[in-house]
>>> print(open('input_33.cif').read())   # mmCIF, C-alpha atoms
data_protein
loop_
_atom_site.group_PDB
_atom_site.id
_atom_site.type_symbol
_atom_site.label_atom_id
_atom_site.label_comp_id
_atom_site.auth_asym_id
_atom_site.auth_seq_id
_atom_site.Cartn_x
_atom_site.Cartn_y
_atom_site.Cartn_z
ATOM 1 C CA MET A 1 9.190 14.218 -14.780
ATOM 2 C CA ALA A 2 11.076 15.408 -11.701
ATOM 3 C CA GLU A 3 7.938 16.439 -9.847
ATOM 4 C CA THR A 4 6.190 13.159 -10.683
ATOM 5 C CA VAL A 5 9.189 11.201 -9.408
ATOM 6 C CA ARG A 6 9.227 13.231 -6.181
ATOM 7 C CA ARG A 7 5.537 12.500 -5.618
ATOM 8 C CA ILE A 8 6.047 8.799 -6.226
ATOM 9 C CA LEU A 9 8.932 8.760 -3.747
ATOM 10 C CA ASP A 10 6.764 10.595 -1.195
ATOM 11 C CA THR A 11 4.045 7.983 -1.584
ATOM 12 C CA VAL A 12 6.492 5.107 -1.247
ATOM 13 C CA GLY A 13 8.081 6.763 1.801
ATOM 14 C CA ILE A 14 11.550 7.422 0.363
ATOM 15 C CA ARG A 15 13.208 10.772 1.092
ATOM 16 C CA ARG A 16 12.893 12.952 -1.966
ATOM 17 C CA GLU A 17 16.455 14.241 -1.467
ATOM 18 C CA ARG A 18 17.679 10.947 -2.883
ATOM 19 C CA PHE A 19 16.656 12.085 -6.311
ATOM 20 C CA TYR A 20 18.485 15.029 -7.815
ATOM 21 C CA ILE A 21 18.298 16.663 -11.203
ATOM 22 C CA ASP A 22 20.574 19.447 -12.401
ATOM 23 C CA TRP A 23 22.289 20.832 -15.456
ATOM 24 C CA ALA A 24 25.872 21.208 -16.591
ATOM 25 C CA SER A 25 26.904 21.961 -20.138
ATOM 26 C CA ALA A 26 29.549 19.977 -22.005
ATOM 27 C CA ALA A 27 32.134 22.654 -21.196
ATOM 28 C CA GLU A 28 31.417 22.663 -17.458
ATOM 29 C CA GLY A 29 33.485 19.738 -16.230
ATOM 30 C CA PRO A 30 34.314 21.342 -12.853
ATOM 31 C CA ARG A 31 30.653 22.197 -12.269
ATOM 32 C CA PHE A 32 29.666 18.606 -12.976
ATOM 33 C CA VAL A 33 32.279 17.361 -10.521
ATOM 34 C CA LYS A 34 30.938 19.735 -7.878
ATOM 35 C CA LEU A 35 27.294 18.762 -8.432
ATOM 36 C CA LEU A 36 28.068 15.080 -8.189
ATOM 37 C CA THR A 37 30.383 15.402 -5.185
ATOM 38 C CA ASP A 38 27.856 17.513 -3.263
ATOM 39 C CA PHE A 39 25.031 15.120 -4.077
ATOM 40 C CA MET A 40 27.128 12.164 -2.999
ATOM 41 C CA GLU A 41 27.909 13.878 0.299
ATOM 42 C CA ARG A 42 24.206 14.514 0.900
ATOM 43 C CA VAL A 43 23.336 10.876 0.202
ATOM 44 C CA ARG A 44 26.189 9.741 2.424
ATOM 45 C CA ALA A 45 24.798 11.912 5.224
ATOM 46 C CA LEU A 46 21.344 10.368 4.697
ATOM 47 C CA GLY A 47 22.637 6.813 4.959
ATOM 48 C CA PRO A 48 21.661 3.628 3.107
ATOM 49 C CA LEU A 49 18.330 3.462 1.312
ATOM 50 C CA GLY A 50 15.547 2.766 3.776
ATOM 51 C CA GLU A 51 17.541 3.446 6.944
ATOM 52 C CA PRO A 52 16.577 7.087 7.658
ATOM 53 C CA GLU A 53 13.132 6.301 6.235
ATOM 54 C CA GLY A 54 12.637 3.493 8.747
ATOM 55 C CA LEU A 55 11.772 0.971 6.035
ATOM 56 C CA SER A 56 13.126 -2.565 6.058
ATOM 57 C CA PRO A 57 14.490 -4.012 2.793
ATOM 58 C CA GLU A 58 11.391 -6.213 2.464
ATOM 59 C CA VAL A 59 8.960 -3.312 2.906
ATOM 60 C CA LEU A 60 11.043 -1.215 0.540
ATOM 61 C CA ARG A 61 10.981 -3.882 -2.125
ATOM 62 C CA PHE A 62 7.272 -4.418 -1.658
ATOM 63 C CA ARG A 63 6.459 -0.718 -1.968
ATOM 64 C CA LEU A 64 8.834 -0.058 -4.853
ATOM 65 C CA GLY A 65 7.346 -3.079 -6.599
ATOM 66 C CA ALA A 66 3.965 -1.361 -6.422
ATOM 67 C CA ALA A 67 5.508 1.883 -7.692
ATOM 68 C CA ARG A 68 7.030 -0.036 -10.557
ATOM 69 C CA LYS A 69 3.626 -1.365 -11.519
ATOM 70 C CA LEU A 70 2.302 2.197 -11.457
ATOM 71 C CA CYS A 71 5.016 3.362 -13.866
ATOM 72 C CA GLU A 72 4.252 0.532 -16.246
ATOM 73 C CA ASN A 73 0.514 1.116 -16.139
ATOM 74 C CA MET A 74 -0.657 2.330 -19.531
ATOM 75 C CA GLN A 75 -3.508 4.444 -18.162
ATOM 76 C CA PHE A 76 -1.171 6.232 -15.802
ATOM 77 C CA ARG A 77 1.379 6.760 -18.556
ATOM 78 C CA ALA A 78 -1.315 8.275 -20.757
ATOM 79 C CA GLN A 79 -2.334 10.647 -17.967
ATOM 80 C CA TYR A 80 1.290 11.572 -17.451
ATOM 81 C CA GLY A 81 1.680 12.296 -21.160
ATOM 82 C CA ASN A 82 -1.533 14.291 -21.310
ATOM 83 C CA LEU A 83 -0.395 16.443 -18.425
ATOM 84 C CA ALA A 84 2.876 17.182 -20.240
ATOM 85 C CA LYS A 85 0.823 18.180 -23.281
ATOM 86 C CA GLU A 86 -1.382 20.410 -21.162
ATOM 87 C CA ILE A 87 1.606 22.175 -19.602
ATOM 88 C CA LYS A 88 3.017 22.745 -23.081
ATOM 89 C CA LYS A 89 -0.277 24.266 -24.203
ATOM 90 C CA LEU A 90 -0.381 26.595 -21.207
ATOM 91 C CA GLY A 91 3.229 27.537 -21.889
ATOM 92 C CA ASP A 92 3.885 27.982 -18.168
ATOM 93 C CA TYR A 93 6.874 25.888 -17.121
ATOM 94 C CA SER A 94 7.394 27.500 -13.721
ATOM 95 C CA PRO A 95 7.983 24.986 -10.908
ATOM 96 C CA GLU A 96 4.931 26.356 -9.047
ATOM 97 C CA ASN A 97 2.627 25.712 -11.978
ATOM 98 C CA ILE A 98 3.993 22.222 -12.587
ATOM 99 C CA GLU A 99 3.761 21.375 -8.898
ATOM 100 C CA ALA A 100 0.161 22.558 -8.701
ATOM 101 C CA LEU A 101 -0.878 20.624 -11.809
ATOM 102 C CA VAL A 102 0.882 17.419 -10.750
ATOM 103 C CA GLU A 103 -0.674 17.737 -7.305
ATOM 104 C CA LYS A 104 -4.149 18.120 -8.805
ATOM 105 C CA LYS A 105 -4.010 15.631 -11.671
ATOM 106 C CA LEU A 106 -1.411 12.980 -10.873
ATOM 107 C CA VAL A 107 -1.036 12.704 -7.101
ATOM 108 C CA PRO A 108 -4.502 11.180 -6.510
ATOM 109 C CA GLN A 109 -3.760 8.648 -9.265
ATOM 110 C CA ILE A 110 -0.306 7.855 -7.898
ATOM 111 C CA ARG A 111 -1.621 7.263 -4.386
ATOM 112 C CA LYS A 112 -4.631 5.277 -5.501
ATOM 113 C CA ARG A 113 -2.768 2.983 -7.873
ATOM 114 C CA ILE A 114 0.206 2.331 -5.597
ATOM 115 C CA PHE A 115 -1.948 1.609 -2.550
ATOM 116 C CA GLU A 116 -4.347 -0.506 -4.576
ATOM 117 C CA ALA A 117 -1.503 -2.696 -5.866
ATOM 118 C CA GLU A 118 -0.187 -3.063 -2.313
ATOM 119 C CA VAL A 119 -3.586 -3.887 -0.831
ATOM 120 C CA LYS A 120 -4.220 -6.501 -3.510
ATOM 121 C CA GLU A 121 -0.905 -8.166 -2.821
ATOM 122 C CA LEU A 122 -1.413 -8.155 0.948
ATOM 123 C CA LEU A 123 -4.939 -9.534 0.704
ATOM 124 C CA ALA A 124 -3.767 -12.309 -1.597
ATOM 125 C CA LYS A 125 -1.815 -13.641 1.398
ATOM 126 C CA GLY A 126 -4.916 -13.741 3.589
ATOM 127 C CA PRO A 127 -7.393 -11.528 5.427
ATOM 128 C CA GLN A 128 -5.969 -8.382 7.040
ATOM 129 C CA SER A 129 -7.352 -5.714 9.330
ATOM 130 C CA LEU A 130 -7.796 -2.160 8.108
ATOM 131 C CA GLU A 131 -5.133 -0.918 10.551
ATOM 132 C CA ALA A 132 -2.611 -3.527 9.403
ATOM 133 C CA LEU A 133 -3.220 -2.572 5.774
ATOM 134 C CA ALA A 134 -2.831 1.117 6.540
ATOM 135 C CA GLU A 135 0.391 0.468 8.392
ATOM 136 C CA ALA A 136 1.931 -1.753 5.728
ATOM 137 C CA THR A 137 1.159 0.668 2.914
ATOM 138 C CA GLY A 138 1.634 3.975 4.733
ATOM 139 C CA ALA A 139 -1.781 5.190 3.539
ATOM 140 C CA ALA A 140 -4.528 6.804 5.619
ATOM 141 C CA GLU A 141 -7.295 4.433 6.733
ATOM 142 C CA GLU A 142 -9.901 6.380 4.746
ATOM 143 C CA GLU A 143 -7.879 5.853 1.580
ATOM 144 C CA ILE A 144 -7.662 2.122 2.250
ATOM 145 C CA SER A 145 -11.368 1.788 2.903
ATOM 146 C CA GLY A 146 -12.084 3.675 -0.319
ATOM 147 C CA ILE A 147 -9.873 1.246 -2.232
ATOM 148 C CA LEU A 148 -11.523 -1.748 -0.551
ATOM 149 C CA LYS A 149 -14.941 -0.446 -1.566
ATOM 150 C CA SER A 150 -13.910 -0.028 -5.187
ATOM 151 C CA LEU A 151 -12.347 -3.502 -5.219
ATOM 152 C CA GLU A 152 -15.591 -4.897 -3.788
ATOM 153 C CA LYS A 153 -17.571 -3.202 -6.550
ATOM 154 C CA GLY A 154 -15.249 -4.581 -9.198
ATOM 155 C CA LYS A 155 -15.897 -8.137 -8.001
ATOM 156 C CA LYS A 156 -19.679 -7.984 -8.377
ATOM 157 C CA MET B 1 34.682 1.827 7.209
ATOM 158 C CA GLY B 2 32.000 4.427 6.556
ATOM 159 C CA PHE B 3 28.980 4.050 4.411
ATOM 160 C CA GLU B 4 29.691 4.381 0.690
ATOM 161 C CA PRO B 5 26.512 5.279 -1.149
ATOM 162 C CA ARG B 6 25.769 3.765 -4.518
ATOM 163 C CA ILE B 7 24.666 6.424 -6.918
ATOM 164 C CA LEU B 8 23.205 5.835 -10.321
ATOM 165 C CA SER B 9 23.387 8.741 -12.712
ATOM 166 C CA PHE B 10 21.642 9.245 -15.982
ATOM 167 C CA LEU B 11 23.669 11.639 -18.103
ATOM 168 C CA CYS B 12 22.664 13.339 -21.290
ATOM 169 C CA ASN B 13 24.996 12.469 -24.158
ATOM 170 C CA TRP B 14 25.403 16.110 -25.161
ATOM 171 C CA CYS B 15 25.705 17.831 -21.797
ATOM 172 C CA CYS B 16 26.667 16.083 -18.596
ATOM 173 C CA TYR B 17 28.171 13.036 -20.258
ATOM 174 C CA ALA B 18 30.509 15.297 -22.210
ATOM 175 C CA ALA B 19 31.118 17.319 -19.036
ATOM 176 C CA ALA B 20 32.051 14.131 -17.179
ATOM 177 C CA ASP B 21 34.340 13.251 -20.048
ATOM 178 C CA SER B 22 36.048 16.636 -20.030
ATOM 179 C CA ALA B 23 36.391 16.456 -16.245
ATOM 180 C CA GLY B 24 38.163 13.146 -16.737
ATOM 181 C CA VAL B 25 40.431 14.537 -19.454
ATOM 182 C CA ALA B 26 41.310 17.515 -17.235
ATOM 183 C CA ARG B 27 42.042 15.018 -14.424
ATOM 184 C CA PHE B 28 39.580 16.434 -11.921
ATOM 185 C CA SER B 29 38.867 13.825 -9.314
ATOM 186 C CA TYR B 30 35.332 12.917 -8.412
ATOM 187 C CA PRO B 31 33.705 10.200 -6.306
ATOM 188 C CA PRO B 32 34.126 6.659 -7.599
ATOM 189 C CA ASN B 33 30.816 5.344 -6.241
ATOM 190 C CA ASN B 34 28.896 6.630 -9.201
ATOM 191 C CA ARG B 35 27.581 4.469 -12.014
ATOM 192 C CA VAL B 36 26.688 6.160 -15.246
ATOM 193 C CA ILE B 37 24.010 5.368 -17.767
ATOM 194 C CA ARG B 38 24.220 7.466 -20.888
ATOM 195 C CA ILE B 39 20.978 8.632 -22.412
ATOM 196 C CA MET B 40 20.748 10.476 -25.691
ATOM 197 C CA CYS B 41 18.835 13.389 -24.155
ATOM 198 C CA THR B 42 17.466 14.261 -20.714
ATOM 199 C CA GLY B 43 14.045 14.259 -22.370
ATOM 200 C CA ARG B 44 14.415 10.483 -22.599
ATOM 201 C CA MET B 45 14.123 10.232 -18.805
ATOM 202 C CA ASP B 46 11.069 8.516 -17.459
ATOM 203 C CA PRO B 47 9.818 8.135 -13.866
ATOM 204 C CA ARG B 48 10.067 4.406 -14.456
ATOM 205 C CA PHE B 49 13.879 4.569 -14.715
ATOM 206 C CA VAL B 50 14.182 6.220 -11.322
ATOM 207 C CA VAL B 51 11.809 3.795 -9.613
ATOM 208 C CA GLU B 52 13.677 0.877 -11.165
ATOM 209 C CA ALA B 53 16.995 2.327 -9.977
ATOM 210 C CA PHE B 54 15.756 2.419 -6.384
ATOM 211 C CA TYR B 55 14.169 -1.006 -6.780
ATOM 212 C CA VAL B 56 17.526 -2.546 -7.633
ATOM 213 C CA GLY B 57 19.135 -0.838 -4.653
ATOM 214 C CA SER B 58 20.636 2.540 -5.536
ATOM 215 C CA ASP B 59 20.960 4.920 -2.605
ATOM 216 C CA GLY B 60 20.618 7.974 -4.807
ATOM 217 C CA VAL B 61 19.722 8.849 -8.375
ATOM 218 C CA PHE B 62 21.254 11.781 -10.225
ATOM 219 C CA VAL B 63 19.957 13.086 -13.527
ATOM 220 C CA GLY B 64 22.296 15.377 -15.402
ATOM 221 C CA GLY B 65 21.158 17.335 -18.409
#
>>> encode(input="input_33.cif", output="structure tokens")
Amino acid sequence: MAETVRRILDTVGIRRERFYIDWASAAEGPRFVKLLTDFMERVRALGPLGEPEGLSPEVLRFRLGAARKLCENMQFRAQYGNLAKEIKKLGDYSPENIEALVEKKLVPQIRKRIFEAEVKELLAKGPQSLEALAEATGAAEEEISGILKSLEKGKK
Amino acid sequence: MGFEPRILSFLCNWCCYAAADSAGVARFSYPPNNRVIRIMCTGRMDPRFVVEAFYVGSDGVFVGG
């Protein structure tokens, strides 16, 4: 879950430090206070959402909207579930293993689906150049042209 | 006036939520700019929750198990 979230944030362009997961047992009140205070200080140092990332509220909303669609997509959710099953079968829960598997299986899907949703929305407003699309989505131009080709194919 | 981040935290009913409760009972002070959503288990977390949290404008998301 955590690694998938980090990859989604990377794709959207949000600093991954804004997401934090940690553990404190029911008896560890002071530890919980420390975790939360430290995290809050780190977020305070980063500044408001979008500011250190150089993303305007509109761009942020647009990109997170695409990420939201990704998370609701049934095919993606199935892939996400299958990967969890696969990790369970391997029995290797080390961060390195999870990172490698997410990188291999989910990252291409995350990037493709988020950028595709963004491209579709931008093109619905009117024709756009490849450079403008790449800049608005934060994707590489090759990725965009690949998506355009597959969209073209889907139309025929 | 400095920037006050808005943090959304998802706390597990059995671990961090109870820890937050005990911290309150013991009168430890911790930052007030934290909003808590209680979940019954950290396993309930879904990437969708985090994306939604950022979509509605949180500056940070904390998951406590």
>>> resolve_selection(input="input_33.cif", expression="the PyMOL selection byres ((chain A and resi 9-26) around 9)", output="count of residues only")
53
>>> closest_residue(input="input_33.cif", among="B:Arg44, B:Gly57, B:Gly2, B:Leu8", to="Pro32 (chain B)", atoms="all atoms listed in the file")
B:Leu8
>>> atom_distance(input="input_33.cif", atom1="CA of Glu86 (chain A)", atom2="CA of Leu101 (chain A)")
9.4 Å
>>> atom_distance(input="input_33.cif", atom1="CA of Glu116 (chain A)", atom2="CA of Ser150 (chain A)")
9.6 Å
>>> atom_distance(input="input_33.cif", atom1="CA of Ala78 (chain A)", atom2="CA of Asp46 (chain B)")
12.8 Å
>>> resolve_selection(input="input_33.cif", expression="the PyMOL selection byres ((chain A and resi 121) around 12)", output="PyMOL selection string")
chain A and resi 62-63+65-66+69+114-120+122-128+133+136-137
>>> closest_residue(input="input_33.cif", among="A:Glu152, A:Glu141, A:Glu96, A:Glu131", to="Glu3 (chain A)", atoms="only C-alpha atoms")
A:Glu96
>>> closest_residue(input="input_33.cif", among="B:Arg35, B:Glu4, B:Met40, B:Cys12", to="Ala53 (chain B)", atoms="only C-alpha atoms")
B:Arg35
>>> axis_aligned_box(input="input_33.cif", around="region 48-55 of chain B", padding_each_side="3 Å", output="lines of an AutoDock Vina configuration file")
center_x = 13.5
center_y = 2.6
center_z = -10.5
size_x = 12.9
size_y = 13.2
size_z = 14.3
>>> closest_residue(input="input_33.cif", among="B:Phe10, B:Ala23, B:Phe3, B:Asn33", to="Phe49 (chain B)", atoms="only C-alpha atoms")
B:Phe10
>>> closest_residue(input="input_33.cif", among="A:Gly47, A:Arg61, A:Pro30, A:Glu143", to="Glu52 (chain B)", atoms="all atoms listed in the file")
A:Arg61
>>> closest_residue(input="input_33.cif", among="B:Cys41, B:Arg48, B:Val36, B:Val25", to="chain A", atoms="only C-alpha atoms")
B:Arg48
>>> decode(input="input_33.cif", residues="region 79-93 of chain A", atoms="C-alpha atoms", output="PDB file, in the first residue's frame")
ATOM      1  CA  GLN A  79      -3.678  -5.764 -10.439  1.00  0.00           C
ATOM      2  CA  TYR A  80      -2.976  -4.200  -7.074  1.00  0.00           C
ATOM      3  CA  GLY A  81      -4.738  -7.073  -5.321  1.00  0.00           C
ATOM      4  CA  ASN A  82      -2.973  -9.690  -7.408  1.00  0.00           C
ATOM      5  CA  LEU A  83       0.383  -8.194  -6.544  1.00  0.00           C
ATOM      6  CA  ALA A  84      -0.467  -8.380  -2.832  1.00  0.00           C
ATOM      7  CA  LYS A  85      -1.374 -12.036  -3.346  1.00  0.00           C
ATOM      8  CA  GLU A  86       1.882 -12.672  -5.167  1.00  0.00           C
ATOM      9  CA  ILE A  87       3.944 -11.081  -2.394  1.00  0.00           C
ATOM     10  CA  LYS A  88       2.108 -13.239   0.135  1.00  0.00           C
ATOM     11  CA  LYS A  89       2.911 -16.350  -1.888  1.00  0.00           C
ATOM     12  CA  LEU A  90       6.591 -15.436  -2.092  1.00  0.00           C
ATOM     13  CA  GLY A  91       6.566 -14.753   1.639  1.00  0.00           C
ATOM     14  CA  ASP A  92       9.151 -11.993   1.216  1.00  0.00           C
ATOM     15  CA  TYR A  93       7.883  -8.780   2.792  1.00  0.00           C
TER      16      TYR A  93
END
